[in-house]
$ cat input_31.txt   # compact mmCIF, C-alpha atoms
# COMPACT_ATOMS: atom_id res chain seq x y z
CA MET A 16 75.86 12.68 99.58
CA PRO A 17 78.96 14.47 98.30
CA SER A 18 78.62 18.19 97.70
CA ARG A 19 80.86 20.84 96.20
CA PRO A 20 83.05 21.26 99.32
CA ILE A 21 83.80 17.51 99.43
CA VAL A 22 84.79 17.36 95.76
CA GLN A 23 86.82 20.56 96.09
CA ASP A 24 88.58 19.19 99.16
CA CYS A 25 89.50 16.11 97.16
CA LEU A 26 90.89 18.28 94.35
CA ASN A 27 92.91 20.43 96.71
CA ILE A 28 94.69 17.39 98.09
CA LEU A 29 95.34 15.97 94.64
CA SER A 30 96.76 19.20 93.25
CA SER A 31 99.11 20.00 96.14
CA LYS A 32 102.19 18.07 94.98
CA THR A 33 100.86 14.71 96.16
CA LYS A 34 102.99 11.59 95.79
CA GLU A 35 102.11 8.37 94.03
CA ASN A 36 101.97 6.50 97.33
CA ASP A 37 99.58 9.02 98.92
CA PRO A 38 96.48 7.08 100.14
CA ASP A 39 94.20 9.75 98.67
CA ILE A 40 95.77 9.18 95.24
CA HIS A 41 95.16 5.48 95.59
CA GLU A 42 91.47 6.07 96.37
CA ILE A 43 91.06 8.37 93.33
CA ASN A 44 92.75 5.78 91.15
CA THR A 45 90.08 3.24 92.06
CA LEU A 46 87.55 5.28 90.09
CA PHE A 47 89.49 4.87 86.87
CA ASP A 48 89.93 1.12 87.38
CA LEU A 49 86.17 0.58 87.09
CA ASP A 50 84.29 -0.51 84.00
CA GLY A 51 80.78 -0.20 82.58
CA ALA A 52 77.98 0.29 85.11
CA ASP A 53 80.45 0.52 87.99
CA PHE A 54 82.16 3.46 86.29
CA ASP A 55 78.80 5.17 85.65
CA SER A 56 77.83 4.63 89.30
CA ALA A 57 81.06 6.17 90.53
CA ILE A 58 80.55 9.23 88.30
CA ALA A 59 76.93 9.49 89.49
CA ALA A 60 78.16 9.45 93.09
CA ILE A 61 80.68 12.23 92.44
CA LEU A 62 78.15 14.58 90.78
CA PRO A 63 76.52 16.65 93.56
CA PRO A 64 72.88 17.47 94.27
CA PHE A 65 71.52 21.03 93.95
CA GLU A 66 72.29 23.69 91.35
CA SER A 67 74.47 25.73 93.73
CA SER A 68 76.91 22.81 93.90
CA ALA A 69 77.02 22.00 90.17
CA ILE A 70 80.45 21.02 88.81
CA PRO A 71 81.87 20.88 85.26
CA LEU A 72 83.37 17.75 83.79
CA LYS A 73 86.78 19.41 83.93
CA THR A 74 86.64 18.97 87.72
CA ILE A 75 86.62 15.20 87.23
CA TYR A 76 89.30 15.54 84.53
CA LYS A 77 91.50 17.34 87.06
CA MET A 78 91.08 14.42 89.42
CA TYR A 79 92.41 12.17 86.71
CA ILE A 80 95.34 14.44 85.78
CA ALA A 81 96.38 15.07 89.40
CA SER A 82 96.20 11.39 90.29
CA GLY A 83 98.95 10.57 87.81
CA VAL A 84 97.20 7.48 86.50
CA GLU A 85 99.18 5.74 83.80
CA GLY A 86 97.97 3.47 81.05
CA GLN A 87 95.15 5.53 79.55
CA PRO A 88 95.64 8.72 77.50
CA LEU A 89 94.00 11.85 78.83
CA ASP A 90 91.67 12.18 75.84
CA THR A 91 90.52 8.57 76.38
CA MET A 92 89.66 9.26 80.01
CA GLN A 93 87.91 12.50 79.12
CA SER A 94 85.86 10.61 76.58
CA ARG A 95 84.94 7.92 79.13
CA ILE A 96 83.82 10.51 81.67
CA LYS A 97 81.89 12.51 79.05
CA ASN A 98 80.16 9.37 77.76
CA ALA A 99 79.26 8.27 81.29
CA VAL A 100 77.67 11.64 82.04
CA GLU A 101 75.77 11.55 78.76
CA ARG A 102 74.44 8.07 79.56
CA LEU A 103 73.37 9.23 83.01
CA THR A 104 71.71 12.34 81.57
CA PHE A 105 69.85 10.23 79.02
CA LYS A 106 68.65 7.72 81.65
CA HIS A 107 67.79 10.16 84.41
CA SER A 108 65.84 13.35 83.80
CA THR A 109 66.83 14.52 87.27
CA LEU A 110 70.49 15.00 86.20
CA GLN A 111 70.55 18.64 85.11
CA VAL A 112 72.94 20.60 82.89
CA ILE A 113 73.81 24.30 83.17
CA GLY A 114 75.03 25.92 79.94
CA GLU A 115 74.60 25.02 76.30
CA ASP A 116 77.95 25.86 74.68
CA SER A 117 81.60 25.15 75.34
CA SER A 118 82.29 28.70 76.49
CA THR A 119 80.25 28.20 79.62
CA ARG A 120 81.83 24.83 80.47
CA ASN A 121 78.70 22.78 81.08
CA LYS A 122 78.08 22.00 84.73
CA TYR A 123 76.13 19.05 86.07
CA TYR A 124 74.08 18.44 89.21
CA TRP A 125 71.24 16.29 90.54
CA LEU A 126 67.96 18.04 91.31
CA SER A 127 68.08 16.74 94.91
CA SER A 128 69.72 14.17 97.14
CA LYS A 129 66.63 11.99 96.71
CA ALA A 130 66.98 12.19 92.93
CA LYS A 131 70.61 11.15 93.18
CA ASN A 132 69.73 8.24 95.46
CA ASN A 133 67.00 7.09 93.12
CA ALA A 134 69.40 7.14 90.19
CA LEU A 135 72.00 5.13 92.07
CA CYS A 136 69.32 2.64 93.09
CA LYS A 137 68.79 1.84 89.41
CA THR A 138 72.41 0.85 88.99
CA GLN A 139 73.95 -2.24 90.54
CA ASN A 140 75.06 -0.09 93.48
CA MET A 141 72.75 1.29 96.12
CA PRO A 142 72.91 4.95 97.21
CA LEU A 143 75.94 5.73 99.34
CA SER A 144 73.71 6.94 102.19
CA THR A 145 71.82 3.63 102.18
CA ALA A 146 75.03 1.63 101.88
CA MET A 147 76.56 3.43 104.87
CA ALA A 148 73.44 2.76 106.98
CA PHE A 149 73.34 -0.95 106.09
CA ASP A 150 77.07 -1.35 106.67
CA LEU A 151 76.76 0.30 110.10
CA VAL A 152 74.03 -2.18 111.06
CA ARG A 153 75.98 -5.15 109.70
CA SER A 154 79.18 -4.18 111.50
CA ASN A 155 77.72 -3.33 114.89
CA PHE A 156 74.20 -4.65 115.35
CA GLY A 157 73.91 -7.82 113.26
CA ASN A 158 73.89 -10.04 116.37
CA ILE A 159 70.60 -8.65 117.67
CA LEU A 160 68.61 -9.24 114.48
CA PRO A 161 66.34 -12.30 114.43
CA PRO A 162 67.89 -14.93 112.10
CA ASP A 163 65.08 -14.77 109.52
CA ILE A 164 65.43 -10.99 109.23
CA ALA A 165 69.23 -11.19 109.17
CA GLY A 166 68.95 -13.74 106.35
CA GLU A 167 66.65 -11.48 104.34
CA LEU A 168 69.01 -8.55 104.80
CA ALA A 169 72.19 -10.52 103.97
CA PRO A 170 72.10 -9.65 100.23
CA LEU A 171 71.64 -5.97 101.10
CA PHE A 172 74.52 -6.10 103.59
CA ASP A 173 76.71 -7.61 100.86
CA LYS A 174 75.57 -5.02 98.32
CA ALA A 175 76.29 -2.21 100.81
CA LYS A 176 79.80 -3.50 101.41
CA LYS A 177 80.52 -3.72 97.68
CA THR A 178 79.04 -0.26 97.06
CA ILE A 179 81.30 1.31 99.67
CA GLU A 180 84.33 -0.47 98.21
CA LYS A 181 83.48 0.78 94.71
CA LEU A 182 82.82 4.35 95.82
CA ARG A 183 85.98 4.81 97.86
CA VAL A 184 86.75 7.73 95.58
CA ILE A 185 84.63 9.80 97.97
CA ARG A 186 86.38 8.38 101.01
CA ARG A 187 85.91 11.47 103.15
CA THR A 188 82.14 11.06 103.06
CA ILE A 189 82.43 7.37 103.95
CA ASP A 190 84.99 7.79 106.73
CA ALA A 191 83.39 10.89 108.23
CA SER A 192 81.29 8.69 110.58
CA ASP A 193 82.36 5.96 112.96
CA TYR A 194 80.86 3.99 115.83
CA VAL A 195 83.09 3.10 118.80
CA PRO A 196 80.93 2.66 121.93
CA PHE A 197 84.05 2.36 124.09
CA SER A 198 87.10 4.59 123.98
CA THR A 199 89.05 1.80 122.30
CA PRO A 200 87.68 -0.76 119.82
CA TRP A 201 87.14 -4.29 121.12
CA VAL A 202 87.66 -7.40 118.99
CA LYS A 203 84.40 -9.35 118.91
CA THR A 204 84.37 -13.14 118.68
CA ALA A 205 82.11 -14.85 116.17
CA ILE A 206 78.63 -15.63 117.44
CA ASN A 207 77.54 -19.26 117.76
CA GLU A 208 75.08 -19.50 114.87
CA GLU A 209 73.25 -22.57 116.22
CA ASN A 210 72.68 -20.95 119.62
CA TYR A 211 71.64 -17.76 117.87
CA ARG A 212 68.97 -19.54 115.83
CA LEU A 213 67.60 -21.74 118.64
CA ILE A 214 67.35 -18.93 121.19
CA PHE A 215 65.58 -16.57 118.81
CA ASP A 216 63.23 -19.41 117.93
CA ALA A 217 62.45 -19.97 121.62
CA ILE A 218 61.82 -16.22 122.15
CA GLU A 219 59.45 -15.97 119.19
CA LYS A 220 57.54 -19.12 120.18
CA GLN A 221 57.74 -18.37 123.92
CA GLN A 222 59.26 -21.78 124.59
CA VAL A 223 61.42 -22.86 127.50
CA ILE A 224 64.90 -24.22 126.83
CA HIS A 225 67.08 -26.72 128.63
CA ALA A 226 70.83 -26.22 128.18
CA GLU A 227 74.21 -26.78 129.71
CA TYR A 228 75.81 -23.58 130.95
CA GLU A 229 79.04 -23.08 132.88
CA SER A 230 78.63 -19.93 134.94
CA VAL A 231 81.14 -18.12 137.12
CA HIS A 232 78.24 -17.76 139.59
CA GLN A 233 77.88 -21.47 140.36
CA ASP A 234 76.30 -20.67 143.72
CA VAL A 235 73.32 -19.28 141.78
CA VAL A 236 73.36 -20.93 138.34
CA PRO A 237 73.35 -24.75 138.01
CA ASN A 238 75.27 -26.52 135.24
CA ASN A 239 71.98 -27.58 133.61
CA ILE A 240 69.60 -24.67 133.32
CA ILE A 241 65.88 -24.38 132.58
CA PHE A 242 65.40 -20.96 131.06
CA SER A 243 62.69 -18.77 129.48
CA PRO A 244 64.67 -16.45 127.13
CA GLN A 245 63.02 -13.08 126.52
CA GLN A 246 65.50 -10.71 124.88
CA VAL A 247 68.84 -10.69 123.06
CA ARG A 248 70.95 -7.65 123.86
CA VAL A 249 74.40 -6.46 122.83
CA GLN A 250 75.90 -5.00 125.99
CA TYR A 251 79.56 -4.06 126.48
CA GLU A 252 80.24 -5.65 123.05
CA GLN A 253 78.94 -9.01 124.31
CA THR A 254 75.82 -10.66 122.93
CA GLN A 255 73.69 -11.60 125.92
CA VAL A 256 70.40 -13.37 126.46
CA ILE A 257 68.13 -12.01 129.19
CA GLY A 258 65.41 -14.16 130.66
CA TYR A 259 63.90 -16.09 133.53
CA LEU A 260 66.00 -18.84 135.13
CA HIS A 261 63.57 -21.40 136.54
CA ASN A 262 65.96 -23.49 138.63
CA ASN A 263 68.35 -21.08 140.29
CA LEU A 264 70.31 -22.09 143.39
CA ARG A 265 71.04 -20.36 146.68
CA ALA A 266 74.56 -20.82 148.04
CA GLY A 267 74.92 -23.72 145.62
CA GLN A 268 71.87 -25.56 147.01
CA GLU A 269 68.56 -26.36 145.35
CA LEU A 270 65.57 -24.29 146.41
CA PRO A 271 61.96 -25.26 147.02
CA THR A 272 59.91 -24.76 143.85
CA GLU A 273 58.02 -21.79 145.27
CA GLU A 274 61.31 -19.95 145.93
CA GLN A 275 62.85 -20.58 142.54
CA GLY A 276 63.00 -18.08 139.70
CA ILE A 277 65.36 -15.20 138.98
CA TYR A 278 66.21 -12.99 136.00
CA ARG A 279 69.69 -13.52 134.56
CA HIS A 280 71.96 -12.32 131.75
CA PHE A 281 73.68 -15.17 129.87
CA ASP A 282 76.43 -15.10 127.23
CA ILE A 283 74.88 -16.53 124.05
CA ASN A 284 78.12 -18.32 123.10
CA ARG A 285 78.34 -20.27 126.38
CA PHE A 286 75.12 -22.23 125.97
CA LYS A 287 75.67 -25.89 125.05
CA ASN A 288 73.25 -28.58 123.84
CA ILE A 289 70.18 -26.33 123.71
CA LYS A 290 66.85 -28.16 123.60
CA LEU A 291 63.36 -26.67 123.47
CA ILE A 292 61.25 -28.34 126.15
CA ASP A 293 57.56 -28.50 127.04
CA GLU A 294 57.30 -26.36 130.17
CA ASP A 295 55.42 -23.20 131.05
CA PHE A 296 57.17 -20.13 129.67
CA LYS A 297 57.57 -17.71 132.58
CA ILE A 298 57.74 -13.97 132.86
CA LYS A 299 58.28 -12.87 136.42
CA ALA A 300 55.34 -10.68 137.40
CA GLN A 301 55.74 -10.02 141.10
CA HIS A 302 57.06 -6.47 140.64
CA LYS A 303 55.01 -3.36 139.99
CA TYR A 304 57.27 -2.16 137.16
CA GLN A 305 56.87 -5.25 135.00
CA SER A 306 57.87 -5.35 131.35
CA PHE A 307 58.42 -8.19 128.91
CA ASP A 308 62.16 -8.21 129.54
CA GLN A 309 63.99 -7.99 132.85
CA PRO A 310 61.93 -6.16 135.53
CA LYS A 311 63.11 -2.65 136.36
CA ALA A 312 62.21 0.06 138.84
CA PRO A 313 62.89 3.81 138.91
CA PHE A 314 65.20 5.35 141.53
CA LYS A 315 66.26 8.90 142.31
CA PHE A 316 69.92 9.38 141.42
CA VAL A 317 72.07 12.07 143.06
CA ALA A 318 75.78 12.67 142.50
CA TYR A 319 78.43 15.38 142.70
CA VAL A 320 80.45 15.68 139.52
CA ASN A 321 83.56 17.32 138.12
CA PRO A 322 83.01 20.03 135.43
CA TRP A 323 84.07 17.68 132.60
CA VAL A 324 81.50 15.08 133.72
CA LYS A 325 78.87 17.80 133.90
CA GLU A 326 79.66 18.79 130.29
CA ASN A 327 79.41 15.14 129.25
CA LEU A 328 76.02 14.79 130.93
CA THR A 329 74.64 17.83 129.14
CA GLN A 330 75.15 15.90 125.88
CA THR A 331 74.00 12.46 127.10
CA MET A 332 71.54 12.68 129.97
CA PHE A 333 70.55 10.06 132.53
CA SER A 334 66.88 11.00 132.10
CA THR A 335 64.63 13.69 130.65
CA ASP A 336 64.05 15.12 134.14
CA GLN A 337 67.79 15.44 134.84
CA LYS A 338 68.73 18.56 136.78
CA ILE A 339 72.19 20.14 137.13
CA THR A 340 72.83 22.58 139.96
CA ALA A 341 75.98 24.69 140.26
CA PHE A 342 77.90 24.74 143.56
CA GLU A 343 77.05 28.36 144.29
CA ASP A 344 73.31 27.62 143.94
CA LEU A 345 73.31 24.89 146.61
CA VAL A 346 72.29 25.56 150.19
CA VAL A 347 75.19 25.97 152.63
CA GLU A 348 74.71 22.52 154.20
CA GLU A 349 74.96 20.80 150.83
CA GLN A 350 77.97 22.87 149.81
CA GLN A 351 79.69 21.63 152.95
CA LEU A 352 78.69 18.03 152.18
CA MET A 353 80.14 18.33 148.69
CA LYS A 354 83.41 19.71 150.09
CA THR A 355 83.54 16.82 152.56
CA CYS A 356 83.17 14.31 149.70
CA LEU A 357 86.03 15.82 147.73
CA THR A 358 88.79 14.69 150.05
CA GLN A 359 91.19 13.60 147.33
CA SER A 360 92.19 17.17 146.50
CA ALA A 361 90.79 20.67 146.42
CA PRO A 362 89.11 21.07 142.99
CA THR A 363 90.41 23.89 140.82
CA LYS A 364 86.86 24.52 139.58
CA PRO A 365 83.58 24.15 141.48
CA TRP A 366 81.75 20.86 141.06
CA PHE A 367 78.07 20.35 140.23
CA LYS A 368 75.15 18.40 141.63
CA ILE A 369 73.34 16.00 139.28
CA GLU A 370 69.81 14.77 140.00
CA ALA A 371 68.01 12.34 137.71
CA THR A 372 65.75 9.28 137.51
CA ILE A 373 67.47 6.00 136.72
CA GLU A 374 66.24 2.42 136.34
CA LEU A 375 67.77 -0.56 138.14
CA THR A 376 67.07 -4.15 137.15
CA SER A 377 65.73 -6.81 139.49
CA GLN A 378 68.27 -8.77 141.51
CA PHE A 379 70.46 -11.21 139.63
CA LEU A 380 73.56 -11.29 141.85
CA ASP A 381 73.24 -12.92 145.26
CA HIS A 382 75.17 -10.18 147.13
CA HIS A 383 72.64 -7.53 146.07
CA ASP A 384 69.17 -6.75 147.39
CA GLY A 385 65.92 -6.77 145.40
CA TRP A 386 67.20 -4.22 142.84
CA ASP A 387 70.61 -4.56 141.27
CA ALA A 388 73.05 -1.75 140.34
CA TRP A 389 75.67 -3.94 138.66
CA PHE A 390 75.15 -2.80 135.07
CA PHE A 391 74.44 0.81 135.96
CA VAL A 392 77.71 1.06 137.90
CA ASN A 393 79.51 -0.52 134.95
CA ALA A 394 78.22 2.33 132.80
CA ILE A 395 79.21 5.18 135.14
CA SER A 396 82.60 3.69 136.05
CA MET A 397 84.08 5.64 133.13
CA PHE A 398 83.77 8.77 135.27
CA GLY A 399 85.94 7.30 138.04
CA ALA A 400 86.63 9.58 141.01
CA ASP A 401 85.13 12.54 139.14
CA MET A 402 81.64 11.37 140.12
CA ILE A 403 80.65 10.89 143.77
CA VAL A 404 77.24 9.18 144.04
CA THR A 405 75.13 9.78 147.15
CA GLU A 406 71.84 8.14 146.08
CA PRO A 407 70.38 5.55 145.66
CA SER A 408 71.88 3.23 148.27
CA GLN A 409 72.06 0.33 145.77
CA VAL A 410 74.47 2.30 143.56
CA VAL A 411 76.50 3.61 146.50
CA ASP A 412 76.83 0.10 147.98
CA GLU A 413 77.91 -1.44 144.66
CA ILE A 414 80.57 1.24 144.11
CA ARG A 415 81.82 0.77 147.68
CA ARG A 416 81.94 -3.04 147.24
CA ARG A 417 84.07 -2.72 144.11
CA LEU A 418 86.39 -0.14 145.64
CA ASP A 419 86.89 -2.23 148.79
CA ASN A 420 87.73 -5.31 146.74
CA ASN A 421 90.09 -3.38 144.46
CA PHE A 422 91.81 -1.68 147.38
CA ALA A 423 92.38 -5.00 149.14
CA SER A 424 93.73 -6.58 145.94
CA TYR A 425 96.14 -3.72 145.23
CA GLN A 426 97.36 -3.72 148.82
CA LYS A 427 98.27 -7.39 148.46
CA LEU A 428 99.88 -6.70 145.09
CA ALA A 429 101.94 -3.87 146.56
CA ALA A 430 103.08 -6.11 149.41
CA HIS A 431 104.55 -8.58 146.88
CA SER A 432 106.21 -5.99 144.63
$ encode --input "input_31.txt" --output "structure tokens"
Amino acid sequence: MPSRPIVQDCLNILSSKTKENDPDIHEINTLFDLDGADFDSAIAAILPPFESSAIPLKTIYKMYIASGVEGQPLDTMQSRIKNAVERLTFKHSTLQVIGEDSSTRNKYYWLSSKAKNNALCKTQNMPLSTAMAFDLVRSNFGNILPPDIAGELAPLFDKAKKTIEKLRVIRRTIDASDYVPFSTPWVKTAINEENYRLIFDAIEKQQVIHAEYESVHQDVVPNNIIFSPQQVRVQYEQTQVIGYLHNNLRAGQELPTEEQGIYRHFDINRFKNIKLIDEDFKIKAQHKYQSFDQPKAPFKFVAYVNPWVKENLTQTMFSTDQKITAFEDLVVEEQQLMKTCLTQSAPTKPWFKIEATIELTSQFLDHHDGWDAWFFVNAISMFGADMIVTEPSQVVDEIRRRLDNNFASYQKLAAHS
């Protein structure tokens, strides 16, 4: 919640010869456009928690004066602010006052952040902290909520959005956090609501579905699939369904019943004509490392990395047992191997060795073996040539396959340019 530094920062901007078209001025103006309970809520949001951060009403008056708002006399605005604070003080015993006479310029503060949140809960707005959390979920994770839960939360999502719009006067608190899982934002398409509902229903009831699905992997996936869905996952900004495909193909041909069955990721929007059917719901159980969703197995991961990748991996680790070893601490043979790998150029700074435990999913692409590195290699591709993987073989082979294909494509492109 906003504290003294945030309010002071706002005042500093407003008092430093700001112009009428300054976006900060516009945000402050929104406070004075509010009426009734909305105005009281905005004032409640501005007043900080804790005695050490207490502010006098003149601080809010200065906001008004510096913003250059026209249409309401200063004494009218002062009266509105004073009355709002008095109403809040009367309603909430946790809003405290320091000073009893005009010479001390009464200061106001909430006893705690919890007290402030509780007070805001009793208005038509929710606490800013709660609103920010709900809006984050709505904006980024709404597609993975079961429909019934999403429906129950819809009024709260709407309330959170309205609260944030009304409390834009403390924009720095609101805009201080962001969520961009990729370096650039992607534009998400709307989710197919009917597919969303039917697939979640099948997961909860453990029912098999029959659907039409046009896959780019037609040698593995038939046009009409029989599928036991087990998990909805947002991955690379795409809403996917993971589950057991009963009737997979091999090289485009049907398989004997005993050889059928493979885990697949499907795009939820590409299902057509979904029907729940009466067949045995299947969870593949032939692997030791079985879980309810796609089977996985642990592998030892080893790579040589550039210093910037090493710094990145100290903040976000592959596993809790991850180990980073500096070049000078490696045995001579491994130092030589690392130098051999770095053929593109002599590094200006020594590289590092990374060891960790990773999980690979069971095979779902026909050119892979029993454990598939497709999604893991997608994730580490951001490091490019600054990460040289030496283990496991599944990861090394997938990287090599992609590089070979890319190299061949760019050679052909260069030949035509």
$ closest_residue --input "input_31.txt" --among "A:Ile369, A:Ile75, A:Ile241, A:Leu126" --to "A:Asn327" --atoms "only C-alpha atoms"
A:Ile369
$ closest_residue --input "input_31.txt" --among "A:Pro244, A:Pro161, A:Pro237, A:Pro200" --to "A:Ala217" --atoms "all atoms listed in the file"
A:Pro244
$ residues_near_point --input "input_31.txt" --point "(80.0, -25.4, 133.2)" --cutoff "12 Å" --atoms "all atoms listed in the file" --output "PDB file with C-alpha atoms, in the frame of the given file"
ATOM      1  CA  ALA A 226      70.830 -26.220 128.180  1.00  0.00           C
ATOM      2  CA  GLU A 227      74.210 -26.780 129.710  1.00  0.00           C
ATOM      3  CA  TYR A 228      75.810 -23.580 130.950  1.00  0.00           C
ATOM      4  CA  GLU A 229      79.040 -23.080 132.880  1.00  0.00           C
ATOM      5  CA  SER A 230      78.630 -19.930 134.940  1.00  0.00           C
ATOM      6  CA  VAL A 231      81.140 -18.120 137.120  1.00  0.00           C
ATOM      7  CA  HIS A 232      78.240 -17.760 139.590  1.00  0.00           C
ATOM      8  CA  GLN A 233      77.880 -21.470 140.360  1.00  0.00           C
ATOM      9  CA  VAL A 236      73.360 -20.930 138.340  1.00  0.00           C
ATOM     10  CA  PRO A 237      73.350 -24.750 138.010  1.00  0.00           C
ATOM     11  CA  ASN A 238      75.270 -26.520 135.240  1.00  0.00           C
ATOM     12  CA  ASN A 239      71.980 -27.580 133.610  1.00  0.00           C
ATOM     13  CA  ILE A 240      69.600 -24.670 133.320  1.00  0.00           C
ATOM     14  CA  ARG A 285      78.340 -20.270 126.380  1.00  0.00           C
ATOM     15  CA  PHE A 286      75.120 -22.230 125.970  1.00  0.00           C
ATOM     16  CA  LYS A 287      75.670 -25.890 125.050  1.00  0.00           C
ATOM     17  CA  ASN A 288      73.250 -28.580 123.840  1.00  0.00           C
TER      18      ASN A 288
END
$ closest_residue --input "input_31.txt" --among "A:Gln330, A:Asn132, A:Ser408, A:Asn207" --to "A:Val317" --atoms "all atoms listed in the file"
A:Ser408
$ atom_distance --input "input_31.txt" --atom1 "atom CA of A:Leu110" --atom2 "atom CA of A:Thr145"
19.7 Å
$ atom_distance --input "input_31.txt" --atom1 "atom CA of A:Pro365" --atom2 "atom CA of A:Phe316"
20.1 Å
$ residues_near_point --input "input_31.txt" --point "(62.9, 10.9, 130.6)" --cutoff "12 Å" --atoms "only C-alpha atoms" --output "list in words"
Pro313, Thr331, Met332, Phe333, Ser334, Thr335, Asp336, Gln337, Lys338, Ala371, Thr372, Ile373 and Glu374 of chain A
$ atom_distance --input "input_31.txt" --atom1 "atom CA of A:Gly276" --atom2 "atom CA of A:Asp293"
17.3 Å
